[in-house]
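Structure file query_8.txt (compact mmCIF, C-alpha atoms) follows.
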# COMPACT_ATOMS: atom_id res chain seq x y z
CA MET A 270 -54.41 6.38 11.05
CA ALA A 271 -52.24 8.69 13.13
CA PHE A 272 -48.48 8.43 13.21
CA THR A 273 -46.74 7.54 16.45
CA ASN A 274 -43.82 9.75 17.46
CA GLU A 275 -41.57 6.83 16.57
CA GLN A 276 -43.01 6.68 13.06
CA LEU A 277 -42.68 10.45 12.67
CA GLU A 278 -39.02 10.08 13.51
CA ARG A 279 -38.48 6.97 11.37
CA TYR A 280 -40.06 8.53 8.30
CA SER A 281 -39.05 12.14 9.00
CA ARG A 282 -36.82 12.42 5.93
CA HIS A 283 -39.74 11.26 3.79
CA ILE A 284 -42.42 13.40 5.44
CA ILE A 285 -40.28 16.53 5.08
CA LEU A 286 -40.30 16.05 1.29
CA LYS A 287 -43.17 17.95 -0.27
CA GLU A 288 -43.70 15.10 -2.77
CA VAL A 289 -44.23 12.68 0.11
CA GLY A 290 -45.52 14.36 3.26
CA ALA A 291 -47.79 12.59 5.72
CA LYS A 292 -50.21 11.67 2.94
CA GLY A 293 -47.51 10.02 0.86
CA GLN A 294 -46.08 8.14 3.82
CA LYS A 295 -49.57 6.81 4.57
CA LYS A 296 -49.88 5.68 0.96
CA LEU A 297 -46.61 3.78 1.36
CA LEU A 298 -47.77 2.19 4.62
CA ASN A 299 -50.99 1.09 2.91
CA ALA A 300 -49.27 -0.18 -0.25
CA LYS A 301 -48.60 -3.77 -1.28
CA VAL A 302 -45.61 -4.63 -3.43
CA LEU A 303 -44.66 -8.10 -4.65
CA ILE A 304 -41.02 -8.91 -5.37
CA ILE A 305 -40.46 -12.00 -7.50
CA GLY A 306 -36.95 -13.33 -6.88
CA ALA A 307 -35.03 -12.66 -3.65
CA GLY A 308 -31.68 -12.32 -5.41
CA GLY A 309 -29.42 -9.70 -6.96
CA LEU A 310 -32.29 -7.37 -7.93
CA GLY A 311 -34.84 -8.41 -5.33
CA ALA A 312 -32.52 -8.02 -2.34
CA PRO A 313 -31.81 -4.29 -2.63
CA ALA A 314 -35.37 -3.60 -3.78
CA ALA A 315 -36.73 -5.41 -0.72
CA LEU A 316 -34.38 -3.58 1.64
CA TYR A 317 -35.35 -0.13 0.37
CA LEU A 318 -39.06 -0.88 0.22
CA ALA A 319 -39.00 -2.23 3.78
CA ALA A 320 -37.02 0.77 5.00
CA ALA A 321 -39.45 3.10 3.22
CA GLY A 322 -42.34 1.60 5.14
CA VAL A 323 -44.16 -0.13 2.31
CA GLY A 324 -46.76 -1.80 4.51
CA THR A 325 -47.04 -5.18 2.81
CA ILE A 326 -44.18 -6.74 0.91
CA GLY A 327 -44.59 -10.12 -0.76
CA ILE A 328 -41.49 -12.05 -1.70
CA ALA A 329 -41.45 -15.12 -3.92
CA ASP A 330 -38.50 -17.47 -4.39
CA ALA A 331 -38.13 -21.23 -4.13
CA ASP A 332 -34.38 -21.37 -3.46
CA GLU A 333 -32.17 -21.57 -0.43
CA VAL A 334 -29.36 -19.12 0.25
CA ASP A 335 -26.13 -20.30 -1.31
CA LEU A 336 -22.62 -19.05 -0.54
CA SER A 337 -22.25 -17.88 -4.15
CA ASN A 338 -25.27 -15.58 -3.69
CA LEU A 339 -23.67 -13.41 -1.03
CA GLN A 340 -21.43 -11.47 -3.43
CA ARG A 341 -24.55 -9.50 -4.48
CA GLN A 342 -27.69 -10.58 -2.63
CA VAL A 343 -27.25 -8.16 0.25
CA ILE A 344 -30.39 -9.12 2.15
CA HIS A 345 -28.84 -12.48 3.14
CA THR A 346 -25.86 -13.04 5.44
CA THR A 347 -23.28 -15.80 5.78
CA ALA A 348 -25.27 -17.27 8.68
CA ASP A 349 -28.29 -17.61 6.33
CA VAL A 350 -26.59 -20.08 3.96
CA GLY A 351 -28.91 -23.06 3.55
CA LYS A 352 -32.00 -21.16 4.74
CA PRO A 353 -34.92 -20.55 2.37
CA LYS A 354 -34.27 -17.20 0.71
CA VAL A 355 -37.76 -15.92 1.44
CA GLU A 356 -37.26 -16.63 5.16
CA SER A 357 -33.89 -14.94 5.25
CA ALA A 358 -35.31 -11.94 3.36
CA ARG A 359 -38.30 -11.74 5.69
CA GLU A 360 -36.12 -11.73 8.79
CA THR A 361 -33.95 -8.91 7.43
CA MET A 362 -36.91 -6.78 6.34
CA GLU A 363 -38.68 -7.22 9.67
CA ALA A 364 -35.48 -6.36 11.51
CA ILE A 365 -35.17 -3.14 9.50
CA ASN A 366 -38.77 -2.07 9.97
CA PRO A 367 -41.39 -3.63 12.24
CA ASP A 368 -44.10 -1.62 10.43
CA VAL A 369 -43.77 -3.96 7.46
CA THR A 370 -45.77 -7.16 7.01
CA VAL A 371 -43.80 -9.62 4.90
CA LYS A 372 -45.60 -12.38 3.04
CA THR A 373 -43.40 -15.20 1.82
CA TYR A 374 -44.07 -17.48 -1.14
CA ARG A 375 -41.63 -20.34 -1.39
CA LEU A 376 -42.33 -21.36 -4.96
CA TYR A 377 -41.30 -21.17 -8.59
CA ILE A 378 -43.68 -19.00 -10.55
CA ASP A 379 -45.51 -20.66 -13.42
CA SER A 380 -48.66 -20.21 -15.46
CA THR A 381 -50.76 -21.95 -12.81
CA ASN A 382 -49.83 -19.80 -9.81
CA ILE A 383 -48.77 -16.34 -10.99
CA THR A 384 -52.22 -14.83 -11.53
CA ASP A 385 -53.24 -15.70 -8.01
CA LEU A 386 -49.91 -14.49 -6.67
CA ILE A 387 -50.07 -10.99 -8.17
CA LYS A 388 -53.74 -10.30 -7.71
CA ASP A 389 -53.57 -8.67 -4.27
CA TYR A 390 -50.58 -6.44 -5.04
CA ASP A 391 -50.42 -2.84 -6.27
CA PHE A 392 -47.05 -3.14 -7.99
CA ILE A 393 -44.81 -6.04 -8.97
CA ILE A 394 -41.01 -6.11 -9.19
CA ASP A 395 -39.45 -8.61 -11.58
CA GLY A 396 -36.22 -9.72 -9.92
CA THR A 397 -35.99 -13.03 -11.78
CA ASP A 398 -33.03 -14.35 -13.70
CA ASN A 399 -34.45 -16.08 -16.75
CA PHE A 400 -36.51 -15.30 -19.82
CA PRO A 401 -39.38 -17.74 -19.23
CA ALA A 402 -40.06 -16.01 -15.88
CA LYS A 403 -39.66 -12.51 -17.33
CA PHE A 404 -42.11 -13.19 -20.16
CA LEU A 405 -44.52 -14.90 -17.76
CA ILE A 406 -44.49 -11.90 -15.40
CA ASN A 407 -45.03 -9.51 -18.30
CA ASP A 408 -47.93 -11.45 -19.76
CA ALA A 409 -49.59 -12.08 -16.39
CA CYS A 410 -49.28 -8.41 -15.39
CA VAL A 411 -50.63 -7.17 -18.73
CA MET A 412 -53.55 -9.59 -18.56
CA ALA A 413 -54.33 -8.71 -14.94
CA GLY A 414 -53.80 -4.98 -15.46
CA LYS A 415 -50.95 -4.74 -12.94
CA PRO A 416 -48.05 -2.30 -13.16
CA PHE A 417 -44.59 -3.78 -12.87
CA SER A 418 -40.90 -3.05 -13.17
CA HIS A 419 -38.88 -5.25 -15.48
CA ALA A 420 -35.11 -5.47 -15.13
CA GLY A 421 -32.15 -7.52 -16.26
CA ILE A 422 -28.49 -7.48 -15.26
CA ILE A 423 -25.42 -9.19 -16.64
CA ARG A 424 -21.67 -8.61 -16.34
CA PHE A 425 -21.27 -4.83 -16.00
CA LYS A 426 -24.59 -3.97 -17.59
CA GLY A 427 -28.16 -3.55 -16.47
CA GLN A 428 -31.45 -2.30 -17.83
CA LEU A 429 -35.00 -1.70 -16.73
CA MET A 430 -38.40 -0.50 -17.89
CA THR A 431 -41.74 0.13 -16.21
CA TYR A 432 -45.09 -1.05 -17.47
CA VAL A 433 -48.28 0.66 -16.39
CA PRO A 434 -51.58 -0.58 -17.86
CA GLY A 435 -52.75 1.69 -20.63
CA GLN A 436 -49.50 3.65 -20.67
CA GLY A 437 -47.25 2.41 -23.37
CA PRO A 438 -45.28 -0.63 -24.33
CA CYS A 439 -44.85 -3.86 -22.41
CA TYR A 440 -41.78 -6.10 -22.34
CA ARG A 441 -43.19 -8.23 -25.14
CA CYS A 442 -43.60 -5.16 -27.38
CA VAL A 443 -39.81 -4.83 -27.28
CA PHE A 444 -38.79 -8.48 -27.10
CA LYS A 445 -41.34 -10.55 -28.97
CA GLU A 446 -40.36 -14.05 -27.82
CA PRO A 447 -37.81 -15.49 -25.41
CA PRO A 448 -34.58 -16.32 -27.20
CA PRO A 449 -33.98 -20.04 -27.72
CA LYS A 450 -32.70 -21.58 -24.50
CA ASP A 451 -28.99 -21.06 -23.89
CA ALA A 452 -28.74 -18.63 -26.85
CA VAL A 453 -28.31 -15.59 -24.62
CA PRO A 454 -26.22 -15.98 -21.48
CA THR A 455 -27.61 -15.39 -17.98
CA CYS A 456 -25.53 -14.21 -15.00
CA LYS A 457 -24.81 -17.70 -13.84
CA GLN A 458 -22.94 -18.40 -17.05
CA ALA A 459 -21.63 -14.91 -17.70
CA GLY A 460 -21.09 -13.43 -14.24
CA VAL A 461 -22.34 -10.14 -12.86
CA ILE A 462 -20.72 -7.43 -10.81
CA GLY A 463 -22.44 -7.47 -7.40
CA ALA A 464 -23.16 -3.75 -7.18
CA MET A 465 -25.11 -3.93 -10.46
CA GLY A 466 -28.02 -5.52 -8.59
CA GLY A 467 -27.77 -2.67 -6.10
CA VAL A 468 -28.02 -0.02 -8.82
CA ILE A 469 -30.79 -1.58 -10.87
CA GLY A 470 -32.75 -3.16 -7.99
CA SER A 471 -32.74 0.19 -6.18
CA LEU A 472 -34.09 1.87 -9.32
CA GLN A 473 -36.87 -0.71 -9.38
CA ALA A 474 -37.70 0.14 -5.75
CA MET A 475 -37.70 3.81 -6.72
CA GLU A 476 -40.18 3.15 -9.52
CA ALA A 477 -42.46 1.27 -7.11
CA ILE A 478 -42.27 4.13 -4.59
CA LYS A 479 -42.99 6.78 -7.24
CA TYR A 480 -45.91 4.74 -8.54
CA ILE A 481 -47.38 4.43 -5.03
CA LEU A 482 -46.89 8.14 -4.33
CA GLY A 483 -48.19 9.11 -7.76
CA THR A 484 -45.33 11.54 -8.18
CA GLY A 485 -42.81 12.22 -10.93
CA ASP A 486 -42.36 10.48 -14.26
CA LEU A 487 -42.18 6.70 -14.39
CA LEU A 488 -39.96 4.78 -16.77
CA THR A 489 -42.88 3.94 -19.03
CA GLY A 490 -42.19 4.12 -22.75
CA TYR A 491 -38.45 3.98 -22.15
CA LEU A 492 -35.72 1.43 -21.56
CA LEU A 493 -33.03 2.71 -19.21
CA THR A 494 -29.68 1.05 -19.80
CA TYR A 495 -26.62 1.27 -17.59
CA ASP A 496 -23.12 0.38 -18.68
CA ALA A 497 -20.90 0.49 -15.59
CA LEU A 498 -17.60 0.16 -17.47
CA LYS A 499 -18.39 3.17 -19.64
CA MET A 500 -20.20 4.78 -16.69
CA GLU A 501 -23.07 5.56 -19.00
CA PHE A 502 -26.81 5.70 -18.42
CA ARG A 503 -29.05 5.91 -21.50
CA LYS A 504 -32.80 6.43 -21.49
CA ILE A 505 -33.90 4.94 -24.79
CA LYS A 506 -37.30 5.92 -26.11
CA LEU A 507 -39.45 2.96 -27.10
CA PRO A 508 -41.93 3.03 -29.98
CA LYS A 509 -45.29 4.44 -28.89
CA ASP A 510 -47.42 2.28 -31.14
CA HIS A 511 -48.08 -1.01 -29.41
CA SER A 512 -51.33 -1.83 -31.17
CA GLY A 513 -49.71 -4.82 -32.84
CA CYS A 514 -48.29 -6.40 -29.66
CA ALA A 515 -49.19 -10.06 -29.17
CA VAL A 516 -50.21 -9.46 -25.56
CA CYS A 517 -50.94 -5.75 -24.94
CA GLY A 518 -52.00 -4.85 -28.48
CA ASP A 519 -55.45 -4.23 -29.91
CA GLU A 520 -55.98 -7.82 -30.96
CA PRO A 521 -53.85 -9.96 -28.69
CA THR A 522 -52.86 -13.35 -30.05
CA ILE A 523 -51.52 -14.46 -26.67
CA THR A 524 -54.47 -14.81 -24.33
CA LYS A 525 -53.19 -17.66 -22.16
CA LEU A 526 -50.07 -17.74 -20.04
CA ILE A 527 -47.15 -19.70 -21.46
CA ASP A 528 -44.60 -21.81 -19.59
CA TYR A 529 -41.50 -21.55 -21.76
CA GLU A 530 -38.76 -24.10 -21.35
CA LEU A 531 -35.93 -23.12 -19.01
CA PRO A 532 -32.29 -23.13 -20.10
CA SER A 533 -30.67 -26.37 -18.99
CA CYS A 534 -28.38 -24.67 -16.45
CA GLU A 535 -31.28 -22.80 -14.82
CA LEU A 536 -33.52 -25.75 -14.19
CA LYS A 537 -32.94 -25.63 -10.47
CA SER A 538 -33.15 -21.88 -10.00
CA GLN A 539 -36.08 -20.08 -11.40
CA GLY A 540 -37.29 -16.84 -9.86
CA MET B 211 -54.98 32.85 22.46
CA ALA B 212 -58.64 33.77 22.73
CA GLU B 213 -58.15 36.05 19.76
CA PHE B 214 -57.77 33.00 17.48
CA ASN B 215 -60.16 30.25 16.55
CA ILE B 216 -57.88 27.26 17.03
CA ASP B 217 -58.91 24.22 14.95
CA ASP B 218 -56.25 21.85 16.25
CA THR B 219 -53.32 21.77 18.64
CA VAL B 220 -50.10 19.79 18.40
CA ASP B 221 -47.51 19.35 21.12
CA ILE B 222 -44.00 19.00 19.73
CA THR B 223 -42.17 19.35 23.04
CA ASP B 224 -41.87 15.55 23.28
CA VAL B 225 -39.72 15.16 20.15
CA VAL B 226 -36.42 16.52 18.85
CA CYS B 227 -35.29 18.03 15.55
CA PRO B 228 -36.17 17.26 12.81
CA THR B 229 -39.17 15.36 14.15
CA THR B 230 -40.39 18.63 15.72
CA PHE B 231 -41.07 20.15 12.33
CA VAL B 232 -42.28 16.82 10.91
CA LYS B 233 -44.88 16.51 13.64
CA ALA B 234 -46.11 20.06 13.02
CA LYS B 235 -46.13 19.45 9.26
CA VAL B 236 -48.21 16.30 9.66
CA ALA B 237 -50.71 18.15 11.86
CA LEU B 238 -50.97 20.90 9.22
CA GLU B 239 -51.57 18.34 6.47
CA GLU B 240 -54.64 17.16 8.35
CA LEU B 241 -56.20 20.64 8.24
CA ASP B 242 -58.06 22.42 5.46
CA ASP B 243 -57.01 25.65 3.79
CA GLY B 244 -57.48 28.57 6.17
CA GLN B 245 -57.78 26.51 9.37
CA ILE B 246 -55.63 27.38 12.36
CA LEU B 247 -53.14 25.20 14.23
CA CYS B 248 -51.56 25.90 17.59
CA VAL B 249 -48.09 24.37 17.89
CA HIS B 250 -46.77 23.96 21.43
CA LEU B 251 -42.98 24.00 21.26
CA ASN B 252 -39.86 24.40 23.37
CA ASP B 253 -37.53 27.36 23.61
CA GLY B 254 -34.16 27.10 21.91
CA GLU B 255 -33.69 25.23 18.67
CA PRO B 256 -37.39 24.41 18.06
CA VAL B 257 -38.50 28.02 18.34
CA GLN B 258 -35.63 29.11 16.11
CA ASN B 259 -36.23 26.56 13.35
CA VAL B 260 -39.83 25.34 13.33
CA PRO B 261 -41.53 28.69 12.57
CA ARG B 262 -39.10 29.31 9.72
CA SER B 263 -39.64 25.83 8.23
CA ILE B 264 -43.42 26.21 8.46
CA LYS B 265 -43.17 29.59 6.71
CA GLU B 266 -41.04 28.01 3.96
CA GLU B 267 -43.87 25.51 3.36
CA GLY B 268 -46.06 28.50 2.53
CA HIS B 269 -48.18 28.67 5.68
CA LYS B 270 -48.95 31.88 7.53
CA ILE B 271 -47.53 32.53 11.00
CA LEU B 272 -50.14 34.53 12.88
CA LYS B 273 -48.47 34.83 16.26
CA LEU B 274 -45.74 33.44 18.50
CA ILE B 275 -46.77 33.53 22.15
CA ASN B 276 -44.09 33.21 24.87
CA ASN B 277 -45.58 31.21 27.72
CA GLU B 278 -42.69 32.35 30.02
CA ASP B 279 -42.12 28.73 31.12
CA GLY B 280 -39.60 27.72 28.47
CA THR B 281 -42.32 26.94 25.95
CA TYR B 282 -44.08 28.84 23.18
CA ASP B 283 -47.36 28.58 21.33
CA LEU B 284 -47.06 29.17 17.61
CA ILE B 285 -50.31 30.11 15.88
CA VAL B 286 -50.27 29.04 12.23
CA GLN B 287 -52.85 29.42 9.50
CA LYS B 288 -52.77 26.67 6.89
CA VAL B 289 -52.34 27.86 3.32
CA GLY B 290 -53.22 25.47 0.50
CA ASP B 291 -54.54 21.92 0.46
CA MET C 293 -24.43 10.34 -44.60
CA LYS C 294 -24.70 11.01 -40.89
CA ILE C 295 -26.79 8.73 -38.71
CA THR C 296 -27.01 8.37 -34.94
CA VAL C 297 -26.40 4.90 -33.55
CA ALA C 298 -26.96 4.31 -29.83
CA GLY C 299 -26.70 8.02 -29.21
CA ILE C 300 -23.54 8.65 -31.21
CA ALA C 301 -23.68 10.47 -34.57
CA LYS C 302 -21.23 9.15 -37.15
CA GLU C 303 -20.65 9.05 -40.92
CA TYR C 304 -21.88 5.92 -42.68
CA PRO C 305 -21.88 4.93 -46.35
CA GLN C 306 -24.99 5.62 -48.42
CA GLY C 307 -27.33 2.67 -48.95
CA LEU C 308 -26.45 1.04 -45.60
CA THR C 309 -28.97 -1.60 -44.53
CA VAL C 310 -29.86 -2.46 -40.95
CA ARG C 311 -28.18 -5.85 -41.48
CA LYS C 312 -24.92 -4.22 -42.59
CA LEU C 313 -25.05 -1.77 -39.69
CA ILE C 314 -25.50 -4.67 -37.22
CA GLU C 315 -22.40 -6.29 -38.73
CA SER C 316 -20.28 -3.14 -38.75
CA GLU C 317 -21.24 -2.26 -35.15
CA ASN C 318 -20.33 -5.76 -33.89
CA VAL C 319 -23.71 -6.14 -32.23
CA GLU C 320 -23.76 -8.89 -29.58
CA THR C 321 -26.11 -11.82 -30.31
CA PRO C 322 -27.24 -10.21 -33.62
CA GLU C 323 -29.94 -12.86 -34.11
CA TYR C 324 -31.82 -11.61 -31.05
CA VAL C 325 -31.31 -7.85 -31.10
CA THR C 326 -34.33 -5.54 -31.30
CA VAL C 327 -33.80 -2.54 -33.57
CA THR C 328 -35.62 0.77 -33.61
CA ILE C 329 -35.24 3.53 -36.18
CA ASN C 330 -36.62 6.95 -35.20
CA ASP C 331 -38.59 5.31 -32.36
CA ASP C 332 -40.22 2.67 -34.55
CA PHE C 333 -39.50 -1.06 -34.44
CA VAL C 334 -37.88 -2.75 -37.41
CA GLU C 335 -39.10 -6.33 -37.82
CA SER C 336 -36.15 -8.71 -37.77
CA GLY C 337 -37.29 -10.07 -41.13
CA ALA C 338 -36.77 -6.61 -42.61
CA PHE C 339 -33.14 -6.07 -41.56
CA ASP C 340 -31.88 -6.82 -45.11
CA SER C 341 -34.44 -4.72 -46.90
CA THR C 342 -34.42 -1.68 -44.61
CA VAL C 343 -32.06 1.02 -45.89
CA LEU C 344 -30.99 3.77 -43.54
CA ASN C 345 -31.34 7.43 -44.40
CA GLU C 346 -29.46 10.60 -43.49
CA GLY C 347 -30.40 11.75 -39.98
CA ASP C 348 -31.85 8.40 -38.84
CA ASN C 349 -31.65 7.58 -35.15
CA VAL C 350 -30.96 3.87 -34.58
CA GLU C 351 -31.11 2.02 -31.27
CA PHE C 352 -30.18 -1.57 -30.47
CA LEU C 353 -32.12 -3.17 -27.62
CA TYR C 354 -30.62 -6.29 -26.10
CA PHE C 355 -32.01 -9.20 -24.16
CA MET C 356 -30.77 -9.13 -20.61
CA GLY C 357 -31.85 -12.18 -18.69
CA GLY C 358 -30.01 -12.06 -15.39
CA GLY C 359 -31.31 -10.83 -12.10
CA ARG C 360 -30.54 -13.19 -9.28
Please, can you express the file's structure as structure tokens?
Amino acid sequence: MAFTNEQLERYSRHIILKEVGAKGQKKLLNAKVLIIGAGGLGAPAALYLAAAGVGTIGIADADEVDLSNLQRQVIHTTADVGKPKVESARETMEAINPDVTVKTYRLYIDSTNITDLIKDYDFIIDGTDNFPAKFLINDACVMAGKPFSHAGIIRFKGQLMTYVPGQGPCYRCVFKEPPPKDAVPTCKQAGVIGAMGGVIGSLQAMEAIKYILGTGDLLTGYLLTYDALKMEFRKIKLPKDHSGCAVCGDEPTITKLIDYELPSCELKSQG
Amino acid sequence: MAEFNIDDTVDITDVVCPTTFVKAKVALEELDDGQILCVHLNDGEPVQNVPRSIKEEGHKILKLINNEDGTYDLIVQKVGD
Amino acid sequence: MKITVAGIAKEYPQGLTVRKLIESENVETPEYVTVTINDDFVESGAFDSTVLNEGDNVEFLYFMGGGR
């Protein structure tokens, strides 16, 4: 595949980088990334991946755009209120970059559909807002051998980690089981500063891009935490030994996907 | 130009900075170590900047030929993979 | 004794257990926090019986469920 002059211009700032170059840009154009959740995390991730020329971007979300989303979900506009989020996200991504093919999945993920959903993608971004979905994505990715970026945001805080098959701990190594429903607040109950999704979702996009390029060090084996009020980033080392993990360990006890019960307030809005 | 065994030629007179260098860089990436690229470029900013940027990437500038028509041919040998 | 908690080294009394440290640090949702000492997990069932030592490096890892 040869670049058109327009593509050379569009991606010039990438191609100039020695870590990217023409080869790296081609890798991006041939890559497939799935974003689960077109919200606070998924919106900025989708924007940057589309702008970067990631050739195929899948986006999964069952919801419609709500006015209360617009404080942080920067891929949607006021005119999009009421529209399916995946449609609104697709329109914005295609408007940014016609090189990108956007595949939309208007659904809630569950144990019956996630394996099929992730199977054609090179990297998965968890932009969901509840523990059942986050554990489901982890388990499905571990079982299918797919790399993914986990993240969570709340109030003025955010965190993320990257899982790559065979390279260190998964989400379940760190957090064994979802907390009982309603025991730990989600953003709907607790609030979140809009720019937090921008910071953490952009970092997730960066991890996906680095994974595709095969350059630099990924956030595997670490949890990166960000406290905006203290203006503090911490890269916390996670235990190396994951042999005892229930899903990615030597003798997994979880071999089937689990649909955990959603908190009562989240019943209508899973990722 | 007969003195060189040109493996590929790229015309960067149809684009502007920084796409000029980007187009030359992409053409160089397609070559193997030691192969030779002829870059056709305009006088002015391209001839001032592109040879320098290519040199900074570690490639070898063999010759800059003034075509006396407002364009140049830059003969570059690729260094590295 | 000096131990490092979430990146900050401070003086703590001898014989401090993980449970007591969680209390003194006002850890949010203490029932669901994940604790590591020197890059190893501490099972939540062992918070009472695990005594910290001079030079230990303790991290608290919190559930963060939001995202949309």
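Distance criterion 7 Å to chain A, applied with all atoms listed in the file, yields Tyr324, Thr326, Asp331, Asp332, Phe333, Met356, Gly357, Gly358, Gly359 and Arg360 of chain C on chain C.
Minimum atom-to-atom distances from C:Met293, C:Ala301, C:Val325, C:Val334 to Asn349 in chain C were compared using all atoms listed in the file, and the lowest value belongs to C:Ala301.
CA of Val468 in chain A sits 16.1 Å away from CA of Ile304 in chain A.
Compared by their closest atoms to Val371 in chain A, and using all atoms listed in the file, the residues A:Ile383, A:Leu339, A:Ala331, A:Val323 rank with A:Val323 nearest.
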Å distance separating CA of Ser337 in chain A from CA of Lys352 in chain A, one decimal place: 13.6 Å
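Distances from B:Asn259, B:Gln245, B:Thr230, B:Phe214 to Ile275 in chain B were compared using all atoms listed in the file, and the smallest one belongs to B:Phe214.
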Residue neighbourhood Val257 in chain B, 12 Å, only C-alpha atoms, exclusion window fewer than 2 positions, as a list in words: Ile222, Thr223, Val226, Cys227, Thr230, Phe231, Val249, His250, Leu251, Asn252, Asp253, Gly254, Glu255, Asn259, Val260, Pro261, Arg262, Ser263, Ile264, Leu274, Ile275, Asn276, Gly280, Thr281, Tyr282, Asp283 and Leu284 of chain B
Interface rows for chain A against chain B: nearest pair, Å to one decimal, 7 Å, all atoms listed in the file, as a Markdown table:
| residue | atom | partner | partner_atom | distance |
| --- | --- | --- | --- | --- |
| A:Leu277 | CA | B:Thr229 | CA | 6.2 |
| A:Glu278 | CA | B:Thr229 | CA | 5.3 |
| A:Ser281 | CA | B:Val232 | CA | 6.0 |
| A:Ile284 | CA | B:Val232 | CA | 6.5 |
| A:Ile285 | CA | B:Val232 | CA | 6.2 |
| A:Ala291 | CA | B:Val236 | CA | 5.4 |
Take the residues that were just selected and, keeping C-alpha atoms, output them as a PDB file, in the coordinates of the input.
ATOM      1  CA  LEU A 277     -42.680  10.450  12.670  1.00  0.00           C
ATOM      2  CA  GLU A 278     -39.020  10.080  13.510  1.00  0.00           C
ATOM      3  CA  SER A 281     -39.050  12.140   9.000  1.00  0.00           C
ATOM      4  CA  ILE A 284     -42.420  13.400   5.440  1.00  0.00           C
ATOM      5  CA  ILE A 285     -40.280  16.530   5.080  1.00  0.00           C
ATOM      6  CA  ALA A 291     -47.790  12.590   5.720  1.00  0.00           C
TER       7      ALA A 291
END
Selection near Ile285 in chain B, 6 Å with all atoms listed in the file, sequence-local residues under 4 positions removed, as a PyMOL selection string: chain B and resi 247-248+272-273
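Here the question is which of A:Gln276, A:Thr346, A:Gln473, A:Gln340 gets nearest to Leu298 in chain A using all atoms listed in the file, and that residue is A:Gln276.
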Within 12 Å of (-25.6, -19.8, 4.4) (file coordinates; all atoms listed in the file), which protein or nucleic acid residues are there? I'd like them as a CSV table (one decimal) with C-alpha atoms, keeping the file's coordinate frame.
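Written out: point-v6.csv:
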chain,number,residue,atom,x,y,z
A,332,ASP,CA,-34.4,-21.4,-3.5
A,333,GLU,CA,-32.2,-21.6,-0.4
A,334,VAL,CA,-29.4,-19.1,0.2
A,335,ASP,CA,-26.1,-20.3,-1.3
A,336,LEU,CA,-22.6,-19.0,-0.5
A,337,SER,CA,-22.2,-17.9,-4.2
A,338,ASN,CA,-25.3,-15.6,-3.7
A,339,LEU,CA,-23.7,-13.4,-1.0
A,342,GLN,CA,-27.7,-10.6,-2.6
A,344,ILE,CA,-30.4,-9.1,2.2
A,345,HIS,CA,-28.8,-12.5,3.1
A,346,THR,CA,-25.9,-13.0,5.4
A,347,THR,CA,-23.3,-15.8,5.8
A,348,ALA,CA,-25.3,-17.3,8.7
A,349,ASP,CA,-28.3,-17.6,6.3
A,350,VAL,CA,-26.6,-20.1,4.0
A,351,GLY,CA,-28.9,-23.1,3.6
A,352,LYS,CA,-32.0,-21.2,4.7
A,353,PRO,CA,-34.9,-20.6,2.4
A,354,LYS,CA,-34.3,-17.2,0.7
A,357,SER,CA,-33.9,-14.9,5.2
Contact residues around Pro305 in chain C with all atoms listed in the file at 10 Å, ignoring same-chain residues under 4 positions, as a PyMOL selection string: chain C and resi 293-295+309+313+344-346
Write the residues of the preceding selection, restricted to C-alpha atoms, as a short mmCIF file (atom, residue, chain, number, x, y, z; two decimals), in the frame of the given file.
data_model
loop_
_atom_site.label_atom_id
_atom_site.label_comp_id
_atom_site.auth_asym_id
_atom_site.auth_seq_id
_atom_site.Cartn_x
_atom_site.Cartn_y
_atom_site.Cartn_z
CA MET C 293 -24.43 10.34 -44.60
CA LYS C 294 -24.70 11.01 -40.89
CA ILE C 295 -26.79 8.73 -38.71
CA THR C 309 -28.97 -1.60 -44.53
CA LEU C 313 -25.05 -1.77 -39.69
CA LEU C 344 -30.99 3.77 -43.54
CA ASN C 345 -31.34 7.43 -44.40
CA GLU C 346 -29.46 10.60 -43.49
#
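What separates CA of Gln294 in chain A from CA of Leu316 in chain A is a distance of 16.7 Å.
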With 8 Å added on each side, what axis-aligned box encloses every listed atom of range 354-372 of chain A? Give the centre and edge lengths in Å to one decimal, as lines of an AutoDock Vina configuration file.
center_x = -39.8
center_y = -9.4
center_z = 6.5
size_x = 27.9
size_y = 31.6
size_z = 27.5
